[in-house]
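Shown below: final.tsv, with TSV, C-alpha atoms and all ligand atoms.
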chain	number	residue	atom	x	y	z
D	1	MET	CA	-3.15	-18.72	-12.83
D	2	ASP	CA	-6.70	-18.88	-14.19
D	3	GLN	CA	-7.54	-18.61	-17.88
D	4	PRO	CA	-6.77	-15.13	-19.26
D	5	VAL	CA	-9.73	-12.75	-19.14
D	6	VAL	CA	-10.46	-9.54	-21.00
D	7	THR	CA	-9.89	-6.60	-18.67
D	8	GLN	CA	-12.22	-3.67	-19.22
D	9	VAL	CA	-11.48	-0.14	-18.01
D	10	TRP	CA	-14.44	2.10	-17.24
D	11	ARG	CA	-13.90	5.76	-16.45
D	12	VAL	CA	-15.91	7.01	-13.54
D	13	ASP	CA	-16.31	10.46	-12.00
D	14	PRO	CA	-14.22	10.55	-8.78
D	15	GLU	CA	-16.59	12.94	-7.01
D	16	ARG	CA	-20.00	11.95	-8.38
D	17	PRO	CA	-19.67	8.39	-9.65
D	18	GLU	CA	-22.27	7.53	-12.30
D	19	PRO	CA	-24.86	5.16	-10.70
D	20	GLU	CA	-25.35	3.06	-13.84
D	21	ILE	CA	-21.62	2.33	-14.11
D	22	LEU	CA	-21.43	1.38	-10.44
D	23	ALA	CA	-24.52	-0.82	-10.70
D	24	ARG	CA	-22.82	-2.82	-13.47
D	25	ALA	CA	-19.55	-3.05	-11.53
D	26	ALA	CA	-21.44	-4.13	-8.40
D	27	ALA	CA	-23.30	-6.84	-10.35
D	28	LEU	CA	-19.96	-8.13	-11.61
D	29	LEU	CA	-18.64	-8.34	-8.04
D	30	ARG	CA	-21.76	-10.17	-6.88
D	31	ARG	CA	-21.30	-12.72	-9.68
D	32	GLY	CA	-17.76	-13.55	-8.51
D	33	GLY	CA	-15.86	-11.12	-10.76
D	34	LEU	CA	-12.69	-9.24	-9.82
D	35	VAL	CA	-13.07	-5.45	-9.89
D	36	ALA	CA	-10.25	-3.00	-9.21
D	37	PHE	CA	-11.48	0.27	-7.73
D	38	PRO	CA	-9.99	3.45	-6.26
D	39	THR	CA	-9.92	4.04	-2.52
D	40	GLU	CA	-8.57	7.18	-0.84
D	41	THR	CA	-5.26	5.33	-0.22
D	42	VAL	CA	-4.43	3.13	-3.23
D	43	TYR	CA	-6.42	1.09	-5.79
D	44	GLY	CA	-7.86	-2.13	-4.37
D	45	LEU	CA	-8.67	-5.42	-6.11
D	46	GLY	CA	-12.12	-6.41	-4.92
D	47	ALA	CA	-14.04	-9.69	-4.73
D	48	ASN	CA	-17.20	-10.74	-2.90
D	49	ALA	CA	-15.94	-11.59	0.59
D	50	TRP	CA	-18.64	-14.27	1.04
D	51	ASP	CA	-17.51	-16.11	-2.09
D	52	ALA	CA	-14.40	-18.23	-1.34
D	53	ALA	CA	-13.84	-19.05	-5.02
D	54	ALA	CA	-13.87	-15.36	-5.99
D	55	VAL	CA	-11.49	-14.56	-3.12
D	56	ARG	CA	-9.12	-17.30	-4.25
D	57	ARG	CA	-9.04	-15.67	-7.70
D	58	ILE	CA	-7.57	-12.54	-6.04
D	59	PHE	CA	-4.65	-14.62	-4.77
D	60	ALA	CA	-4.14	-16.15	-8.22
D	61	ALA	CA	-4.30	-12.79	-10.03
D	62	LYS	CA	-1.84	-11.14	-7.64
D	63	GLU	CA	0.33	-14.26	-7.22
D	64	ARG	CA	-0.16	-13.60	-3.53
D	65	PRO	CA	0.71	-16.38	-1.09
D	66	ALA	CA	-2.36	-17.82	0.66
D	67	TYR	CA	-0.88	-17.05	4.10
D	68	ASP	CA	-1.35	-13.28	3.62
D	69	PRO	CA	-4.90	-12.31	4.70
D	70	LEU	CA	-7.04	-9.65	3.00
D	71	ILE	CA	-8.79	-6.51	4.24
D	72	VAL	CA	-12.60	-6.61	4.07
D	73	HIS	CA	-14.15	-3.33	2.90
D	74	LEU	CA	-17.56	-2.21	4.15
D	75	ALA	CA	-19.98	0.48	2.98
D	76	SER	CA	-20.69	1.55	6.56
D	77	PRO	CA	-19.95	0.69	10.20
D	78	GLU	CA	-23.39	-0.91	10.56
D	79	ALA	CA	-22.14	-3.84	8.48
D	80	LEU	CA	-19.29	-4.53	10.91
D	81	PRO	CA	-21.09	-7.25	12.94
D	82	GLN	CA	-21.54	-9.25	9.71
D	83	VAL	CA	-17.79	-9.79	9.47
D	84	ALA	CA	-16.47	-9.43	13.04
D	85	GLN	CA	-17.65	-10.44	16.49
D	86	GLY	CA	-16.78	-9.59	20.09
D	87	ILE	CA	-16.14	-6.03	18.93
D	88	PRO	CA	-14.69	-4.11	21.92
D	89	PRO	CA	-16.11	-0.66	22.81
D	90	ARG	CA	-12.75	0.86	21.93
D	91	ALA	CA	-13.09	-0.45	18.37
D	92	TRP	CA	-16.56	1.08	18.03
D	93	ALA	CA	-15.18	4.40	19.26
D	94	LEU	CA	-12.39	4.26	16.63
D	95	VAL	CA	-14.93	3.42	13.94
D	96	GLU	CA	-17.09	6.35	14.96
D	97	ARG	CA	-14.16	8.75	14.83
D	98	PHE	CA	-12.11	7.51	11.84
D	99	TRP	CA	-14.51	5.81	9.40
D	100	PRO	CA	-14.87	6.27	6.57
D	101	GLY	CA	-11.11	6.68	6.31
D	102	PRO	CA	-7.72	5.00	6.05
D	103	LEU	CA	-7.88	2.98	9.27
D	104	THR	CA	-8.05	-0.83	9.16
D	105	LEU	CA	-9.01	-2.63	12.36
D	106	VAL	CA	-8.04	-6.22	13.14
D	107	LEU	CA	-10.92	-7.86	15.05
D	108	PRO	CA	-12.13	-11.34	15.99
D	109	ARG	CA	-13.57	-12.88	12.87
D	110	ALA	CA	-17.29	-13.67	12.49
D	111	ALA	CA	-18.44	-17.12	11.43
D	112	GLY	CA	-19.22	-17.10	7.71
D	113	ILE	CA	-16.11	-15.24	6.59
D	114	PRO	CA	-14.27	-17.75	4.40
D	115	ASP	CA	-10.84	-19.01	5.45
D	116	ALA	CA	-9.50	-17.70	2.15
D	117	VAL	CA	-10.05	-14.10	3.38
D	118	THR	CA	-8.33	-14.47	6.76
D	119	ALA	CA	-5.69	-17.01	5.70
D	120	GLY	CA	-7.35	-19.39	8.15
D	121	GLY	CA	-6.71	-17.05	11.09
D	122	ASP	CA	-9.25	-16.21	13.77
D	123	THR	CA	-9.07	-12.45	13.14
D	124	VAL	CA	-10.27	-10.34	10.24
D	125	ALA	CA	-9.01	-6.95	9.03
D	126	VAL	CA	-11.81	-4.49	8.19
D	127	ARG	CA	-12.09	-0.97	6.90
D	128	CYS	CA	-14.57	1.51	5.45
D	129	PRO	CA	-12.84	3.53	2.71
D	130	ALA	CA	-13.48	7.27	2.27
D	131	HIS	CA	-13.35	7.48	-1.55
D	132	PRO	CA	-16.76	8.31	-3.12
D	133	VAL	CA	-16.28	5.64	-5.81
D	134	ALA	CA	-15.35	2.92	-3.30
D	135	LEU	CA	-18.27	3.82	-1.06
D	136	ALA	CA	-20.77	3.95	-3.91
D	137	LEU	CA	-19.52	0.59	-5.24
D	138	LEU	CA	-19.78	-1.03	-1.80
D	139	ARG	CA	-23.28	0.35	-1.32
D	140	ALA	CA	-24.43	-0.82	-4.73
D	141	ALA	CA	-22.95	-4.28	-4.23
D	142	ALA	CA	-24.40	-4.56	-0.71
D	143	ILE	CA	-21.81	-7.18	0.24
D	144	PRO	CA	-18.51	-6.98	2.14
D	145	VAL	CA	-15.69	-6.78	-0.40
D	146	ALA	CA	-12.29	-8.36	0.24
D	147	ALA	CA	-9.68	-6.13	-1.39
D	148	PRO	CA	-5.91	-6.07	-1.18
D	149	SER	CA	-3.95	-3.42	-3.06
D	150	ALA	CA	-4.33	-4.08	-6.81
D	151	ASN	CA	-0.70	-4.93	-7.60
D	152	ARG	CA	1.31	-8.12	-8.09
D	153	PHE	CA	2.37	-9.43	-4.69
D	154	GLY	CA	5.35	-7.61	-3.20
D	155	HIS	CA	5.29	-4.90	-5.88
D	156	THR	CA	4.66	-1.18	-5.47
D	157	SER	CA	0.98	-0.44	-4.75
D	158	PRO	CA	-1.06	1.23	-7.53
D	159	THR	CA	-2.19	4.83	-7.22
D	160	THR	CA	-3.64	5.08	-10.74
D	161	ALA	CA	-5.72	2.81	-12.98
D	162	GLN	CA	-2.74	2.62	-15.34
D	163	HIS	CA	-0.65	1.09	-12.54
D	164	VAL	CA	-3.35	-1.55	-12.01
D	165	TRP	CA	-3.43	-2.26	-15.72
D	166	GLU	CA	0.35	-2.76	-15.83
D	167	ASP	CA	0.20	-5.39	-13.06
D	168	LEU	CA	-3.13	-7.14	-13.64
D	169	ALA	CA	-4.43	-6.72	-17.20
D	170	GLY	CA	-5.66	-10.08	-18.52
D	171	ARG	CA	-6.23	-11.38	-15.00
D	172	ILE	CA	-9.23	-9.37	-13.76
D	173	GLU	CA	-12.54	-8.38	-15.30
D	174	LEU	CA	-12.70	-4.66	-14.63
D	175	ILE	CA	-10.76	-1.58	-13.55
D	176	LEU	CA	-12.76	1.47	-12.45
D	177	ASP	CA	-10.63	4.47	-13.40
D	178	ALA	CA	-11.29	7.56	-11.28
D	179	GLY	CA	-7.83	9.13	-11.57
D	180	PRO	CA	-5.07	9.19	-8.96
D	181	THR	CA	-5.81	8.26	-5.35
D	182	PRO	CA	-5.51	11.19	-2.92
D	183	VAL	CA	-3.54	9.72	0.02
D	184	GLY	CA	-1.07	7.56	-1.91
D	185	VAL	CA	0.01	5.13	0.84
D	186	GLU	CA	-2.08	2.33	2.33
D	187	SER	CA	-4.30	2.43	5.39
D	188	THR	CA	-3.04	2.17	8.95
D	189	VAL	CA	-3.53	-1.37	10.29
D	190	LEU	CA	-4.36	-1.48	14.00
D	191	ASP	CA	-4.86	-4.69	15.97
D	192	VAL	CA	-7.62	-3.93	18.47
D	193	THR	CA	-7.81	-7.51	19.73
D	194	ARG	CA	-4.83	-6.50	21.90
D	195	ASP	CA	-4.85	-4.11	24.84
D	196	PRO	CA	-3.37	-1.59	24.30
D	197	PRO	CA	-3.89	-1.85	20.53
D	198	VAL	CA	-0.86	-2.65	18.36
D	199	LEU	CA	0.06	-0.75	15.20
D	200	LEU	CA	0.82	-3.38	12.54
D	201	ARG	CA	1.30	-0.99	9.61
D	202	PRO	CA	1.66	2.82	9.72
D	203	GLY	CA	-0.55	4.50	7.13
D	204	GLY	CA	-3.10	7.15	6.30
D	205	VAL	CA	-4.29	7.69	9.90
D	206	THR	CA	-1.31	8.73	12.01
D	207	LYS	CA	-0.13	7.07	15.21
D	208	GLU	CA	-0.38	10.41	17.03
D	209	ALA	CA	-4.00	10.82	16.00
D	210	LEU	CA	-4.78	7.33	17.32
D	211	GLU	CA	-2.90	7.87	20.58
D	212	ALA	CA	-4.52	11.27	21.14
D	213	PHE	CA	-7.94	9.77	20.56
D	214	LEU	CA	-7.45	6.62	22.65
D	215	GLY	CA	-5.50	8.36	25.40
D	216	VAL	CA	-2.99	5.49	25.56
D	217	PRO	CA	0.38	4.91	23.91
D	218	ILE	CA	0.23	2.42	21.03
D	219	GLU	CA	2.85	-0.22	20.44
D	220	GLY	CA	4.47	-0.64	17.05
D	221	PRO	CA	5.19	-0.68	14.22
D	222	GLY	CA	6.75	-3.97	15.25
D	223	ARG	CA	10.16	-5.29	14.48
D	224	ARG	CA	10.79	-6.77	11.08
D	225	ILE	CA	9.60	-10.28	10.42
D	226	GLU	CA	11.67	-12.56	8.22
D	227	PRO	CA	9.95	-14.40	5.35
D	228	GLY	CA	8.72	-17.86	6.29
D	229	ARG	CA	8.50	-17.07	10.00
D	230	ALA	CA	5.15	-16.72	11.77
D	231	SER	CA	4.09	-13.10	11.36
D	232	PRO	CA	1.47	-11.00	13.14
D	233	SER	CA	0.79	-9.21	9.83
D	234	PRO	CA	2.27	-10.63	6.67
D	235	GLY	CA	2.52	-7.19	5.05
D	236	MET	CA	5.38	-6.70	7.51
D	237	LEU	CA	7.70	-8.79	5.34
D	238	PRO	CA	10.95	-6.84	5.12
D	239	ARG	CA	10.87	-6.49	1.33
D	240	HIS	CA	7.48	-5.40	0.07
D	241	TYR	CA	6.03	-2.41	-1.81
D	242	ALA	CA	9.17	-2.77	-3.93
D	243	PRO	CA	10.21	-1.85	-7.49
D	244	ASN	CA	11.82	-4.61	-9.56
D	245	THR	CA	14.98	-2.53	-10.01
D	246	PRO	CA	17.40	-2.74	-7.04
D	247	LEU	CA	16.86	0.23	-4.74
D	248	TRP	CA	19.64	1.33	-2.39
D	249	LEU	CA	18.51	3.43	0.53
D	250	PHE	CA	21.04	5.70	2.26
D	251	LEU	CA	20.49	6.31	5.95
D	252	GLY	CA	22.32	8.78	8.18
D	253	PRO	CA	22.74	12.56	8.06
D	254	ARG	CA	21.54	14.22	4.86
D	255	ALA	CA	24.97	15.51	3.80
D	256	TRP	CA	26.57	12.09	4.30
D	257	ALA	CA	23.78	10.31	2.46
D	258	LEU	CA	23.90	12.67	-0.53
D	259	ALA	CA	27.69	12.39	-0.80
D	260	ALA	CA	27.53	8.60	-0.61
D	261	MET	CA	24.77	8.51	-3.23
D	262	ARG	CA	26.87	10.69	-5.50
D	263	ARG	CA	29.87	8.37	-5.17
D	264	VAL	CA	27.81	5.31	-6.04
D	265	ALA	CA	26.11	7.14	-8.92
D	266	GLN	CA	29.47	8.19	-10.39
D	267	GLN	CA	30.93	4.69	-10.12
D	268	ARG	CA	27.93	3.20	-11.84
D	269	LEU	CA	27.88	5.83	-14.58
D	270	GLU	CA	31.57	5.19	-15.27
D	271	ARG	CA	30.72	1.53	-15.81
D	272	GLY	CA	28.17	2.63	-18.40
D	273	GLU	CA	25.17	1.82	-16.23
D	274	ARG	CA	21.95	3.80	-16.04
D	275	VAL	CA	21.24	5.31	-12.65
D	276	GLY	CA	17.96	6.58	-11.19
D	277	LEU	CA	17.47	8.87	-8.23
D	278	LEU	CA	14.48	9.45	-6.02
D	279	LEU	CA	14.97	12.95	-4.60
D	280	THR	CA	13.21	15.57	-2.52
D	281	ALA	CA	12.78	19.02	-4.05
D	282	GLU	CA	15.65	20.46	-1.98
D	283	ASP	CA	18.09	17.73	-3.11
D	284	GLN	CA	17.58	18.05	-6.84
D	285	GLY	CA	19.99	20.93	-7.48
D	286	LEU	CA	22.91	18.76	-6.34
D	287	TRP	CA	22.51	16.49	-9.36
D	288	ARG	CA	22.59	19.03	-12.12
D	289	GLY	CA	25.01	17.99	-14.83
D	290	LEU	CA	25.00	14.27	-14.04
D	291	PRO	CA	23.32	12.09	-16.68
D	292	VAL	CA	20.96	10.41	-14.25
D	293	THR	CA	17.20	9.78	-14.35
D	294	VAL	CA	15.50	11.70	-11.58
D	295	GLN	CA	12.10	11.66	-9.91
D	296	ILE	CA	11.37	14.53	-7.57
D	297	LEU	CA	9.11	14.12	-4.56
D	298	GLY	CA	7.90	17.16	-2.57
D	299	GLN	CA	9.87	19.14	0.00
D	300	GLU	CA	11.07	17.11	2.94
D	301	GLY	CA	8.44	17.49	5.67
D	302	ASP	CA	5.59	17.88	3.19
D	303	TRP	CA	4.71	14.25	3.89
D	304	GLU	CA	1.23	14.42	2.40
D	305	ARG	CA	2.58	15.47	-0.96
D	306	ILE	CA	5.44	12.95	-0.78
D	307	ALA	CA	3.02	10.14	0.11
D	308	GLN	CA	0.79	11.06	-2.82
D	309	GLY	CA	3.64	10.89	-5.34
D	310	LEU	CA	5.85	8.15	-3.87
D	311	TYR	CA	4.54	5.03	-5.61
D	312	GLY	CA	4.08	6.77	-8.97
D	313	ALA	CA	7.69	7.99	-8.80
D	314	LEU	CA	8.95	4.50	-7.93
D	315	ARG	CA	7.00	2.98	-10.80
D	316	ARG	CA	8.30	5.57	-13.31
D	317	LEU	CA	11.89	4.84	-12.23
D	318	ASP	CA	11.19	1.12	-12.44
D	319	LYS	CA	10.12	1.51	-16.08
D	320	ALA	CA	13.14	3.61	-17.06
D	321	ASP	CA	15.43	0.63	-17.72
D	322	LEU	CA	17.86	1.48	-14.93
D	323	SER	CA	20.36	-0.79	-13.24
D	324	ILE	CA	19.95	0.89	-9.86
D	325	ILE	CA	17.76	3.39	-8.01
D	326	LEU	CA	19.31	5.47	-5.22
D	327	ALA	CA	17.28	7.17	-2.51
D	328	ARG	CA	17.81	8.91	0.79
D	329	ASP	CA	16.00	7.81	3.91
D	330	LEU	CA	13.02	10.11	4.47
D	331	GLY	CA	10.22	10.42	6.95
D	332	GLY	CA	9.96	8.85	10.34
D	333	GLY	CA	8.90	10.99	13.27
D	334	ALA	CA	5.39	12.32	13.08
D	335	ALA	CA	2.35	12.14	10.83
D	336	LEU	CA	2.61	10.41	7.44
D	337	GLY	CA	6.40	10.46	7.80
D	338	LEU	CA	6.18	7.16	9.66
D	339	ALA	CA	4.41	5.45	6.75
D	340	ILE	CA	6.84	6.94	4.22
D	341	ARG	CA	9.91	5.69	6.09
D	342	ASP	CA	8.29	2.28	6.46
D	343	ARG	CA	7.52	1.97	2.74
D	344	LEU	CA	10.93	3.23	1.61
D	345	ARG	CA	12.71	0.76	3.86
D	346	ARG	CA	10.63	-2.11	2.59
D	347	ALA	CA	11.13	-1.00	-1.02
D	348	ALA	CA	14.91	-1.08	-0.51
D	349	SER	CA	16.96	-4.07	-1.66
D	350	ARG	CA	19.89	-2.70	0.34
D	351	VAL	CA	20.19	-0.24	3.21
D	352	ILE	CA	23.45	1.68	3.60
D	353	THR	CA	24.51	3.57	6.74
D	354	PRO	CA	27.65	5.53	7.64
D	355	GLU	CA	28.69	2.44	9.62
D	356	GLY	CA	28.18	0.00	6.75
D	357	THR	CA	25.39	-2.10	5.32
D	358	PRO	CA	23.12	-3.62	7.94
D	359	ARG	CA	20.90	-5.50	5.55
D	360	GLN	CA	21.49	-6.90	2.12
D	361	GLN	CA	19.17	-9.16	0.16
W	401	LIG	O1	-5.21	1.10	2.09
W	401	LIG	C1	-5.35	-0.12	2.10
W	401	LIG	O2	-5.40	-0.78	3.15
W	401	LIG	C2	-5.49	-0.85	0.77
W	401	LIG	C3	-6.81	-0.43	0.11
W	401	LIG	C4	-7.07	-1.18	-1.15
W	401	LIG	O3	-7.85	-0.59	1.03
W	401	LIG	N1	-5.42	-2.25	0.96
W	401	LIG	C5	-4.27	-2.89	1.26
W	401	LIG	O4	-4.41	-4.27	1.35
W	401	LIG	O5	-3.22	-2.31	1.45
W	401	LIG	P1	-3.16	-5.25	1.36
W	401	LIG	O6	-3.73	-6.61	1.29
W	401	LIG	O7	-2.21	-4.85	0.31
W	401	LIG	O8	-2.56	-5.06	2.78
W	401	LIG	C6	-3.28	-5.54	3.90
W	401	LIG	C7	-2.38	-5.66	5.07
W	401	LIG	C8	-1.35	-6.73	4.86
W	401	LIG	O9	-0.15	-6.29	5.49
W	401	LIG	C9	-1.95	-7.92	5.60
W	401	LIG	O10	-0.97	-8.83	6.02
W	401	LIG	C10	-2.63	-7.23	6.76
W	401	LIG	O11	-3.16	-6.04	6.21
W	401	LIG	N2	-3.73	-8.03	7.31
W	401	LIG	C11	-4.85	-8.42	6.69
W	401	LIG	N3	-5.61	-9.18	7.51
W	401	LIG	C12	-4.96	-9.25	8.70
W	401	LIG	C13	-5.23	-9.86	9.95
W	401	LIG	N4	-6.34	-10.59	10.15
W	401	LIG	N5	-4.34	-9.70	10.94
W	401	LIG	C14	-3.22	-8.96	10.74
W	401	LIG	N6	-2.90	-8.36	9.58
W	401	LIG	C15	-3.75	-8.50	8.56
W	402	MG	MG	-0.56	-4.65	-0.70
Could you render the structure from this file as structure tokens?
Amino acid sequence: MDQPVVTQVWRVDPERPEPEILARAAALLRRGGLVAFPTETVYGLGANAWDAAAVRRIFAAKERPAYDPLIVHLASPEALPQVAQGIPPRAWALVERFWPGPLTLVLPRAAGIPDAVTAGGDTVAVRCPAHPVALALLRAAAIPVAAPSANRFGHTSPTTAQHVWEDLAGRIELILDAGPTPVGVESTVLDVTRDPPVLLRPGGVTKEALEAFLGVPIEGPGRRIEPGRASPSPGMLPRHYAPNTPLWLFLGPRAWALAAMRRVAQQRLERGERVGLLLTAEDQGLWRGLPVTVQILGQEGDWERIAQGLYGALRRLDKADLSIILARDLGGGAALGLAIRDRLRRAASRVITPEGTPRQQ
């Protein structure tokens, strides 16, 4: 890692960001500084995308392996030809419909984008975020900004400035604090260099919305990729977005999963261990009377609310000095449910089904 730096935190109005604060943050970015800022999905850790040395500092601060490429953030679609080339008409149509918003497009990379951003690949991931603070910062900086989620590599993404602080204080110059991010899970990553496009990561823009708009079925999300193997999108590593505490995820019918969770919880409690549970609102009554630490998400099916609270809940459990976190498989199907299932499965250290344990790490 680089020399330690003093990390400043500046509060900024989430709706009407103060221009003088953003001008100072933008100047810092232009000088090669690392600035964490809110987007509508999660907090990002930004650096000047033209500046390879600044981009390399992102990898050092996050302890992110150099093979995992970054998303470039733009103030507006007009800037797209600066970072990508050979942009197909379908990509322009998606941009017109979904930007600013939580849709990242993978496109052929333009000359001039440093290898550090794309991990040496010939494509670049690009998005235009919808958060007023992100947009105002990008406009003030007037440069493309490379920004992964502002967490240590592999860890749960940050949805508040406090989360960023916990992972990156002493490693980055500035955190812009505009409160919690509204969506709560990362952007959808869509590879539009392929025909039909391929969904690399489900996220804030749903697969159904993309399919309805494009009028074609979309492939993906793809099968799991094992670490060390060539990967179409390195964020598809099987364990990612994870708490440090082991998380066991129970698949199968709700009643089976809850009973199995209860058995494991009781065994662990009898051994004197501390147990955490990640529950939906309708599951919480079943745990009354057990000395467990609980985080409640929304009602099952209220995927927007669950997405908003998911990472915060995981981080609170992670800080509660527990030996295990138990959760039931949620989501899948439609809308943000797909992203929630994806993130829960990647957060899990072990997946348990009525038939046994298909995956243990
Ligand atoms: O919502 C978001 O996308 C947030 C905010 C900050 O914008 N950013 C974010 O970045 O989640 P990151 O780096 O944590 O995740 C980017 C994902 C990774 O899975 C990465 O492997 C993939 O996008 N990616 C980046 N460039 C790619 C490329 N050229 N081809 C395929 N996948 C790429
Ligand atoms: Mg990330």
- Message: At a cut-off of 12 Å, using only C-alpha atoms, what residues contact Gly170 of chain D? Leave out same-chain residues fewer than 4 positions from it and give the result as a VMD selection string.
- Response: chain D and resid 1 to 9 34 61 to 62 164 to 166 174 to 175
- Item | Polymer residues at most 12 Å from Ala142 of chain D, all atoms listed in the file, same-chain spacing of 4 or more positions, as an MDAnalysis selection string | chainID D and resid 22:23 25:27 29:30 48:50 73:76 78:79 82 135:138
- Among the residues D:Ile172, D:Leu290, D:Ala52, D:Val183, the one that comes closest to Thr118 of chain D [using all atoms listed in the file]: D:Ala52
- Message: For Leu45 of chain D, find every residue with an atom within 9 Å (counting all atoms listed in the file), except residues of its own chain fewer than 6 positions away, and show them as a list in words.
- Response: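 Once the nearby chain positions are removed, what remains is Leu34, Val35, Ala36, Phe37, Pro38, Ile58, Ala146, Ala147, Pro148, Ser149, Ala150, Asn151, Val164, Ile172 and Ile175 of chain D.
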- List all protein, DNA and RNA residues that have any atom at most 8 Å from ligand LIG 401 (chain W), counting only C-alpha atoms and all ligand atoms, and write the list as a PyMOL selection string. chain D and resi 38-45+68-71+73+102-104+106-107+117-119+121-127+129+147-150+157+185-189+191+200-201+203-204+232-236
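The coordinates place atom CA of Trp92 of chain D at 18.7 Å from atom CA of Glu208 of chain D.
Nearest residue to Gly309 of chain D, choosing from D:Ala339, D:Thr357, D:Pro182, D:Arg194 and counting only C-alpha atoms: D:Pro182.
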- In terms of all atoms listed in the file, the residue from D:Leu269, D:Ala110, D:Leu28, D:Leu168 at minimal distance from Ala60 of chain D is D:Leu168
- The residue from D:Val294, D:Leu176, D:Val198, D:Ala281 with the smallest atom-to-atom distance to Pro17 of chain D, counting all atoms listed in the file, is D:Leu176
- Query: For the atom pair atom CA of Ser349 of chain D and atom CA of Ile306 of chain D, what is the interatomic distance in Å to one decimal place?
  - Reply: 20.6 Å
- Can you work out the spacing between atom CA of Leu314 of chain D and atom CA of Pro158 of chain D in Å, to one decimal?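 Atom CA of Pro158 of chain D lies 10.5 Å from atom CA of Leu314 of chain D.
In terms of minimum interatomic distance to ligand MG 402 (chain W), D:Arg346 ranks closest within D:Arg271, D:Arg346, D:Arg31, D:Arg56, counting only C-alpha atoms and all ligand atoms.
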Taking all atoms of segment 332-351 of chain D that the file lists and extending 3 Å past them on each side, where is the centre of the axis-aligned box and how long are its edges? Answer in Å to one decimal, as AutoDock Vina command-line options.
--center_x 11.3 --center_y 4.1 --center_z 5.8 --size_x 23.8 --size_y 22.4 --size_z 20.9
- If we count all atoms listed in the file, what is near Asp329 of chain D at a cut-off of 9 Å, once residues fewer than 4 positions away on the same chain are taken out, given as JSON, numbers by chain? {"D": [249, 250, 251, 252, 254, 257, 341, 344, 345]}
- Near Asn244 of chain D, counting all atoms listed in the file, which residues have an atom at most 10 Å away, once you skip same-chain residues fewer than 5 positions from it, shown as a ChimeraX atom specification? /D:154-156,314-315,317-319,324,347,349
- Message: I need the residue nearest ligand MG 402 (chain W) from this list: D:Ala53, D:Leu297, D:Ala242, D:Ala313. Use all atoms listed in the file for the distance.
- Response: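 Using all atoms listed in the file, ligand MG 402 (chain W) sits closest to D:Ala242.
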